[in-house]
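**Q** One structure, as structure tokens, below. Some questions next.
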Amino acid sequence: MKINDRITKIVVGENKPDPFKYGGVYPPNVFLVSGKNKSVFIDTAHGKPEEIQKHLSVWESEGKPEIAGIILTHRHGDHIGGAAELSKHIGAPVISTAVEKAAIENESSAVVNITPGDGEILQLGNSTLEIIHTPGHTMGSLCVYLQEDKVLFTGDNILGLGTTVISPNEGDMASYIGSLQKMLNYNIETICPGHGPEIDTPNEKIHELIEHRHQRERQMLELITAGQDSMEHIFGAIYKDIHPGLHNTAKRQIQAHINKLINEKRIEQAGNNYRIVQ
């Protein structure tokens with residue numbers, strides 16, 4: 001699917017949300033971003049043979065441009081799974097943040113060749129890409145900003161539908177909110193997310209996501225103040241009708257908020273309970 005002259009979106013699998021994934025996640029998006037001289041892939045999906053073939057078919061339909069890199073927005077398998085195979089076929093280096101390099105190489109057969117710094121520029125001719133470090137969903141997540149079209153590719157930092165998961169074992173809530181605030185410094189007209197449809201009201205979406213996190217914190221503080229001060233109490237109050245298969249994911253979200261509030265000395269833990277710091 002052509003988004004514009006520079007951007008081709010490749011959707012793998014059935015393009016509809018999965019109700020059994022947190023936030024109703026769509027299948028992963030892969031993007032081919034082209035310039036006058038070179039192109040890049042952003043993410044690679046799971047790496048199934050039919051996905052790789054689809055990526056290669058799109059590349060061939062574009063005239064087999066030189067691929068300057070395969071940019072991986074973060075470590076998760078539905079984004080990095082095809083990196084090694086795609087790199088082998090088209091002879092392109094794999095790019096991620098230095099923070100994600102070890103995890104990507106441990107969790108896939110890909111080798112990360114380039115680890116750009118925050119704000120580093122990749123020039124494709126008449127297309128200029130800026131790498132933006134945006135920790136939070138994972139601590140090495142990145143976004144890619146296409147300057148000419150004012151498009152931000154967000155990976156899982158921002159989804160086309162719903163909110164992303166922040167798990168304490170991989171990410172950090174305070175860092176995530178900081179990364180959302182950082183995105184507001186850019187002149188963005190369109191967000192191309194890692195899952196789901198494009199977002200044409202980017203500033204409103206970013207503000208909405210920041211407010212959602214702040215509202216969740218206020219809700220949790222109110223619950224703790226009222227004596228509903230354990231994980232089970234908070235979970236039961238916030239996620240009343242959630243599918244059982246998503247319980248652990250939801251509790252990890254709560255824990256990420258709790259960790260932030262403890263680090264900010266707004267709450268403290270006493271055994272299995274939490275209390276407001278006076």
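By order of appearance in the structure tokens: chains A, B, ..., then residues from 1 within every chain, and ligands from 1 in the order shown.
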Within 7 Å of range 100-113 of chain A, counting only C-alpha atoms, which residues qualify if same-chain residues fewer than 4 places away don't, as number ranges by chain?
**A** A: 74-75, 81, 83-84, 93-96, 140
**Q** Please produce a file of the residues just selected, as a tab-separated table (two decimals), in the first residue's frame, where the atoms kept are N, CA and C atoms.
**A**
chain	number	residue	atom	x	y	z
A	74	HIS	N	12.60	-1.87	17.75
A	74	HIS	CA	12.84	-2.43	19.08
A	74	HIS	C	12.95	-3.95	18.96
A	75	ARG	N	13.12	-4.61	20.07
A	75	ARG	CA	13.58	-6.00	20.13
A	75	ARG	C	12.51	-7.07	19.90
A	81	GLY	N	11.76	-10.41	13.46
A	81	GLY	CA	11.83	-11.81	13.01
A	81	GLY	C	12.36	-12.01	11.61
A	83	ALA	N	14.53	-9.95	10.02
A	83	ALA	CA	15.70	-9.11	9.76
A	83	ALA	C	16.86	-9.89	9.14
A	84	ALA	N	17.18	-11.04	9.71
A	84	ALA	CA	18.33	-11.80	9.21
A	84	ALA	C	18.11	-12.26	7.78
A	93	PRO	N	22.66	-3.71	5.85
A	93	PRO	CA	22.98	-3.79	7.28
A	93	PRO	C	21.72	-3.66	8.13
A	94	VAL	N	21.78	-4.25	9.32
A	94	VAL	CA	20.69	-4.15	10.30
A	94	VAL	C	21.04	-3.04	11.28
A	95	ILE	N	20.05	-2.21	11.57
A	95	ILE	CA	20.25	-1.01	12.39
A	95	ILE	C	19.33	-1.05	13.60
A	96	SER	N	19.88	-0.79	14.78
A	96	SER	CA	19.05	-0.61	15.99
A	96	SER	C	19.83	0.27	16.95
A	140	GLY	N	15.47	0.39	24.64
A	140	GLY	CA	16.21	0.77	23.44
A	140	GLY	C	15.32	1.08	22.26
**Q** Write down as number ranges by chain the residues of range 41-211 of chain A whose backbone DSSP state falls under strand (DSSP E or B).
**A** A: 41-42, 67-71, 94-95, 114, 121-123, 128-133, 142-146, 151-155, 190-193, 195, 199
**Q** I need the residue nearest Phe153 in chain A from this list: A:Thr225, A:Thr97, A:Thr73, A:Thr44. Use only C-alpha atoms for the distance.
**A** A:Thr73
**Q** As an mmCIF file with C-alpha atoms, in the first residue's frame, please: the residues near Ala237 in chain A (cut-off 10 Å, only C-alpha atoms, same-chain neighbours under 6 positions excluded).
**A**
data_model
loop_
_atom_site.group_PDB
_atom_site.id
_atom_site.type_symbol
_atom_site.label_atom_id
_atom_site.label_comp_id
_atom_site.auth_asym_id
_atom_site.auth_seq_id
_atom_site.Cartn_x
_atom_site.Cartn_y
_atom_site.Cartn_z
ATOM 1 C CA GLN A 219 -6.815 6.582 39.589
ATOM 2 C CA MET A 220 -4.255 4.368 41.314
ATOM 3 C CA LEU A 223 -7.526 3.679 45.100
ATOM 4 C CA GLN A 228 -7.656 -0.549 47.874
ATOM 5 C CA MET A 231 -2.014 -5.268 43.359
#
**Q** Here is a test: counting only C-alpha atoms, which residue of A:Ile191, A:Ile121, A:Val277, A:Ile242 is nearest to Gly155 in chain A?
**A**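 Of A:Ile191, A:Ile121, A:Val277, A:Ile242, the one nearest Gly155 in chain A is A:Ile191, counting only C-alpha atoms.
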**Q** So, with only C-alpha atoms as the atoms that count, which of A:Pro168, A:Pro65, A:Gly271, A:Gly227 lies closest to Asn259 in chain A?
**A**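 Of the candidates, the smallest distance to Asn259 in chain A is held by A:Pro168.
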**Q** May I have the residues within 7 Å of Asn157 in chain A as a tab-separated table (two decimals) with N, CA and C atoms, in the first residue's frame, using only C-alpha atoms and disregarding those fewer than 3 positions away in the same chain?
**A**
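Now in selection13.tsv:
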chain	number	residue	atom	x	y	z
A	137	HIS	N	8.80	1.72	25.98
A	137	HIS	CA	8.19	0.42	25.66
A	137	HIS	C	9.23	-0.67	25.87
A	154	THR	N	6.77	5.09	14.49
A	154	THR	CA	6.85	4.98	15.94
A	154	THR	C	7.05	3.56	16.48
A	164	THR	N	0.11	1.11	24.14
A	164	THR	CA	1.16	0.09	24.13
A	164	THR	C	1.41	-0.44	25.54
**Q** Which value, in Å to one decimal, gives the distance between CA of Leu152 in chain A and CA of Gln215 in chain A?
**A**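 So the answer is 25.3 Å.
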**Q** For each of A:Gly47, A:Pro27, A:Gly160, A:Gly119, take the minimum atom-to-atom distance to Ile132 in chain A, counting only C-alpha atoms, then give the residue where this is smallest.
**A** A:Gly119
**Q** Between CA of Val151 in chain A and CA of Thr190 in chain A, what distance in Å does the model show, to one decimal?
**A**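 Computed distance, CA of Val151 in chain A to CA of Thr190 in chain A, equals 4.9 Å.
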**Q** Using only C-alpha atoms for the distances, tell me which of A:Lys88, A:Lys64, A:Arg218, A:Lys240 is nearest to Arg266 in chain A.
**A**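 Smallest distance to Arg266 in chain A is found for A:Arg218.
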**Q** Show me, as a ChimeraX atom specification, the residues that have an atom within 10 Å of range 192-203 of chain A when counting only C-alpha atoms, minus same-chain residues fewer than 5 positions from it.
**A** /A:3,7,9,11,15-17,24-31,42-43,45,73,78-79,143-145,151-162,180,183-187,208-209
**Q** Taking only C-alpha atoms into account, which of A:Leu72, A:Ile188, A:Leu142, A:Val33 comes nearest Leu124 in chain A?
**A**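 Nearest candidate to Leu124 in chain A out of A:Leu72, A:Ile188, A:Leu142, A:Val33: A:Val33.
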**Q** Env of Ala250 in chain A: 12 Å cut, atoms = only C-alpha atoms, seq-sep filter 6 positions within chain, self excluded. Answer as a list of chain:residue names.
**A**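 Residues meeting the cut-off are A:Lys21, A:Tyr22, A:Gly23, A:Thr163, A:Thr164, A:Val165, A:Ile166, A:Ser167, A:Pro168, A:Met231, A:Glu232, A:Ile234, A:Phe235, A:Gly236, A:Ala237, A:Ile238, A:Tyr239, A:Lys240, A:Asp241, A:Ile242, A:His243, A:Pro244, A:Ala256, A:His257.
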**Q** Please save C-alpha atoms of the selected residues as an mmCIF file, in the first residue's frame.
**A**
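Now in selection_21.cif:
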data_model
loop_
_atom_site.group_PDB
_atom_site.id
_atom_site.type_symbol
_atom_site.label_atom_id
_atom_site.label_comp_id
_atom_site.auth_asym_id
_atom_site.auth_seq_id
_atom_site.Cartn_x
_atom_site.Cartn_y
_atom_site.Cartn_z
ATOM 1 C CA LYS A 21 -3.934 -8.986 22.536
ATOM 2 C CA TYR A 22 -3.637 -6.026 24.846
ATOM 3 C CA GLY A 23 -5.054 -2.938 23.174
ATOM 4 C CA THR A 163 -2.162 1.896 24.095
ATOM 5 C CA THR A 164 1.156 0.093 24.133
ATOM 6 C CA VAL A 165 2.336 -2.239 26.884
ATOM 7 C CA ILE A 166 5.021 -1.033 29.299
ATOM 8 C CA SER A 167 6.435 -4.077 31.110
ATOM 9 C CA PRO A 168 8.825 -3.476 34.028
ATOM 10 C CA MET A 231 -2.014 -5.268 43.359
ATOM 11 C CA GLU A 232 -5.165 -7.396 43.408
ATOM 12 C CA ILE A 234 -5.932 -2.134 41.969
ATOM 13 C CA PHE A 235 -6.205 -4.734 39.221
ATOM 14 C CA GLY A 236 -9.778 -5.597 40.157
ATOM 15 C CA ALA A 237 -10.835 -1.942 40.181
ATOM 16 C CA ILE A 238 -9.205 -0.938 36.899
ATOM 17 C CA TYR A 239 -9.605 -4.055 34.740
ATOM 18 C CA LYS A 240 -13.088 -5.352 35.549
ATOM 19 C CA ASP A 241 -13.948 -7.235 32.351
ATOM 20 C CA ILE A 242 -10.585 -8.071 30.819
ATOM 21 C CA HIS A 243 -9.996 -11.452 29.147
ATOM 22 C CA PRO A 244 -8.228 -13.917 31.510
ATOM 23 C CA ALA A 256 5.162 -0.174 35.713
ATOM 24 C CA HIS A 257 3.054 2.668 37.096
#
**Q** Interatomic distance between CA of Glu170 in chain A and CA of Gly136 in chain A?
**A** 8.2 Å
**Q** Run DSSP on the backbone of this structure and report the residues of range 74-150 of chain A it assigns to alpha helix (DSSP H), as a list in words.
**A**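 So the alpha helix (DSSP H) residues in range 74-150 of chain A would be Gly77, Asp78, His79, Ile80, Ala83, Ala84, Glu85, Leu86, Ser87, Lys88, His89, Ile90, Ala98, Val99, Glu100, Lys101, Ala102, Ala103, Ile104, Glu105, Asn106 and Glu107 of chain A.
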**Q** Just the selected residues (N, CA and C atoms), exported as an mmCIF file, in the first residue's frame, please.
**A**
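Contents of again.cif, as written:
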data_model
loop_
_atom_site.group_PDB
_atom_site.id
_atom_site.type_symbol
_atom_site.label_atom_id
_atom_site.label_comp_id
_atom_site.auth_asym_id
_atom_site.auth_seq_id
_atom_site.Cartn_x
_atom_site.Cartn_y
_atom_site.Cartn_z
ATOM 1 N N GLY A 77 9.771 -9.848 18.745
ATOM 2 C CA GLY A 77 9.842 -10.789 17.636
ATOM 3 C C GLY A 77 8.993 -10.441 16.440
ATOM 4 N N ASP A 78 7.873 -9.748 16.662
ATOM 5 C CA ASP A 78 7.016 -9.395 15.529
ATOM 6 C C ASP A 78 7.547 -8.205 14.750
ATOM 7 N N HIS A 79 8.705 -7.687 15.158
ATOM 8 C CA HIS A 79 9.367 -6.595 14.433
ATOM 9 C C HIS A 79 10.738 -7.000 13.893
ATOM 10 N N ILE A 80 11.393 -7.934 14.575
ATOM 11 C CA ILE A 80 12.767 -8.306 14.185
ATOM 12 C C ILE A 80 12.861 -9.652 13.493
ATOM 13 N N ALA A 83 14.530 -9.946 10.021
ATOM 14 C CA ALA A 83 15.704 -9.108 9.764
ATOM 15 C C ALA A 83 16.860 -9.885 9.138
ATOM 16 N N ALA A 84 17.177 -11.038 9.711
ATOM 17 C CA ALA A 84 18.335 -11.801 9.211
ATOM 18 C C ALA A 84 18.111 -12.256 7.776
ATOM 19 N N GLU A 85 16.935 -12.803 7.501
ATOM 20 C CA GLU A 85 16.648 -13.328 6.162
ATOM 21 C C GLU A 85 16.573 -12.209 5.136
ATOM 22 N N LEU A 86 15.932 -11.120 5.496
ATOM 23 C CA LEU A 86 15.823 -9.981 4.582
ATOM 24 C C LEU A 86 17.198 -9.381 4.308
ATOM 25 N N SER A 87 18.016 -9.271 5.357
ATOM 26 C CA SER A 87 19.376 -8.750 5.195
ATOM 27 C C SER A 87 20.190 -9.622 4.244
ATOM 28 N N LYS A 88 20.028 -10.930 4.379
ATOM 29 C CA LYS A 88 20.762 -11.864 3.515
ATOM 30 C C LYS A 88 20.350 -11.697 2.055
ATOM 31 N N HIS A 89 19.063 -11.539 1.804
ATOM 32 C CA HIS A 89 18.566 -11.441 0.433
ATOM 33 C C HIS A 89 18.982 -10.146 -0.249
ATOM 34 N N ILE A 90 18.980 -9.033 0.506
ATOM 35 C CA ILE A 90 19.198 -7.735 -0.145
ATOM 36 C C ILE A 90 20.549 -7.111 0.207
ATOM 37 N N ALA A 98 22.016 0.874 20.334
ATOM 38 C CA ALA A 98 22.996 0.027 21.013
ATOM 39 C C ALA A 98 22.359 -0.734 22.170
ATOM 40 N N VAL A 99 21.355 -0.128 22.817
ATOM 41 C CA VAL A 99 20.677 -0.769 23.948
ATOM 42 C C VAL A 99 19.968 -2.048 23.521
ATOM 43 N N GLU A 100 19.416 -2.060 22.303
ATOM 44 C CA GLU A 100 18.656 -3.226 21.836
ATOM 45 C C GLU A 100 19.532 -4.290 21.176
ATOM 46 N N LYS A 101 20.754 -3.955 20.827
ATOM 47 C CA LYS A 101 21.592 -4.854 20.020
ATOM 48 C C LYS A 101 21.697 -6.263 20.609
ATOM 49 N N ALA A 102 22.061 -6.370 21.869
ATOM 50 C CA ALA A 102 22.255 -7.693 22.473
ATOM 51 C C ALA A 102 20.949 -8.478 22.497
ATOM 52 N N ALA A 103 19.847 -7.814 22.860
ATOM 53 C CA ALA A 103 18.556 -8.503 22.932
ATOM 54 C C ALA A 103 18.124 -8.987 21.553
ATOM 55 N N ILE A 104 18.312 -8.168 20.536
ATOM 56 C CA ILE A 104 17.938 -8.563 19.170
ATOM 57 C C ILE A 104 18.766 -9.755 18.725
ATOM 58 N N GLU A 105 20.051 -9.731 19.008
ATOM 59 C CA GLU A 105 20.921 -10.831 18.578
ATOM 60 C C GLU A 105 20.666 -12.093 19.401
ATOM 61 N N ASN A 106 20.253 -11.937 20.664
ATOM 62 C CA ASN A 106 19.926 -13.098 21.490
ATOM 63 C C ASN A 106 18.604 -13.737 21.087
ATOM 64 N N GLU A 107 17.664 -12.917 20.633
ATOM 65 C CA GLU A 107 16.310 -13.384 20.364
ATOM 66 C C GLU A 107 16.059 -13.683 18.886
#
**Q** Would you give me, as a Markdown table, each residue of range 53-81 of chain A having an atom within 8 Å of an atom of range 35-39 of chain A, along with its shortest atom pair and that distance in Å to one decimal, using only C-alpha atoms and sorting by chain and residue number?
**A**
| residue | atom | partner | partner_atom | distance |
| --- | --- | --- | --- | --- |
| A:Pro65 | CA | A:Lys38 | CA | 6.0 |
| A:Glu66 | CA | A:Lys38 | CA | 5.0 |
| A:Ile67 | CA | A:Ser39 | CA | 4.8 |
| A:Ala68 | CA | A:Ser39 | CA | 5.9 |
| A:Gly69 | CA | A:Ser39 | CA | 7.6 |
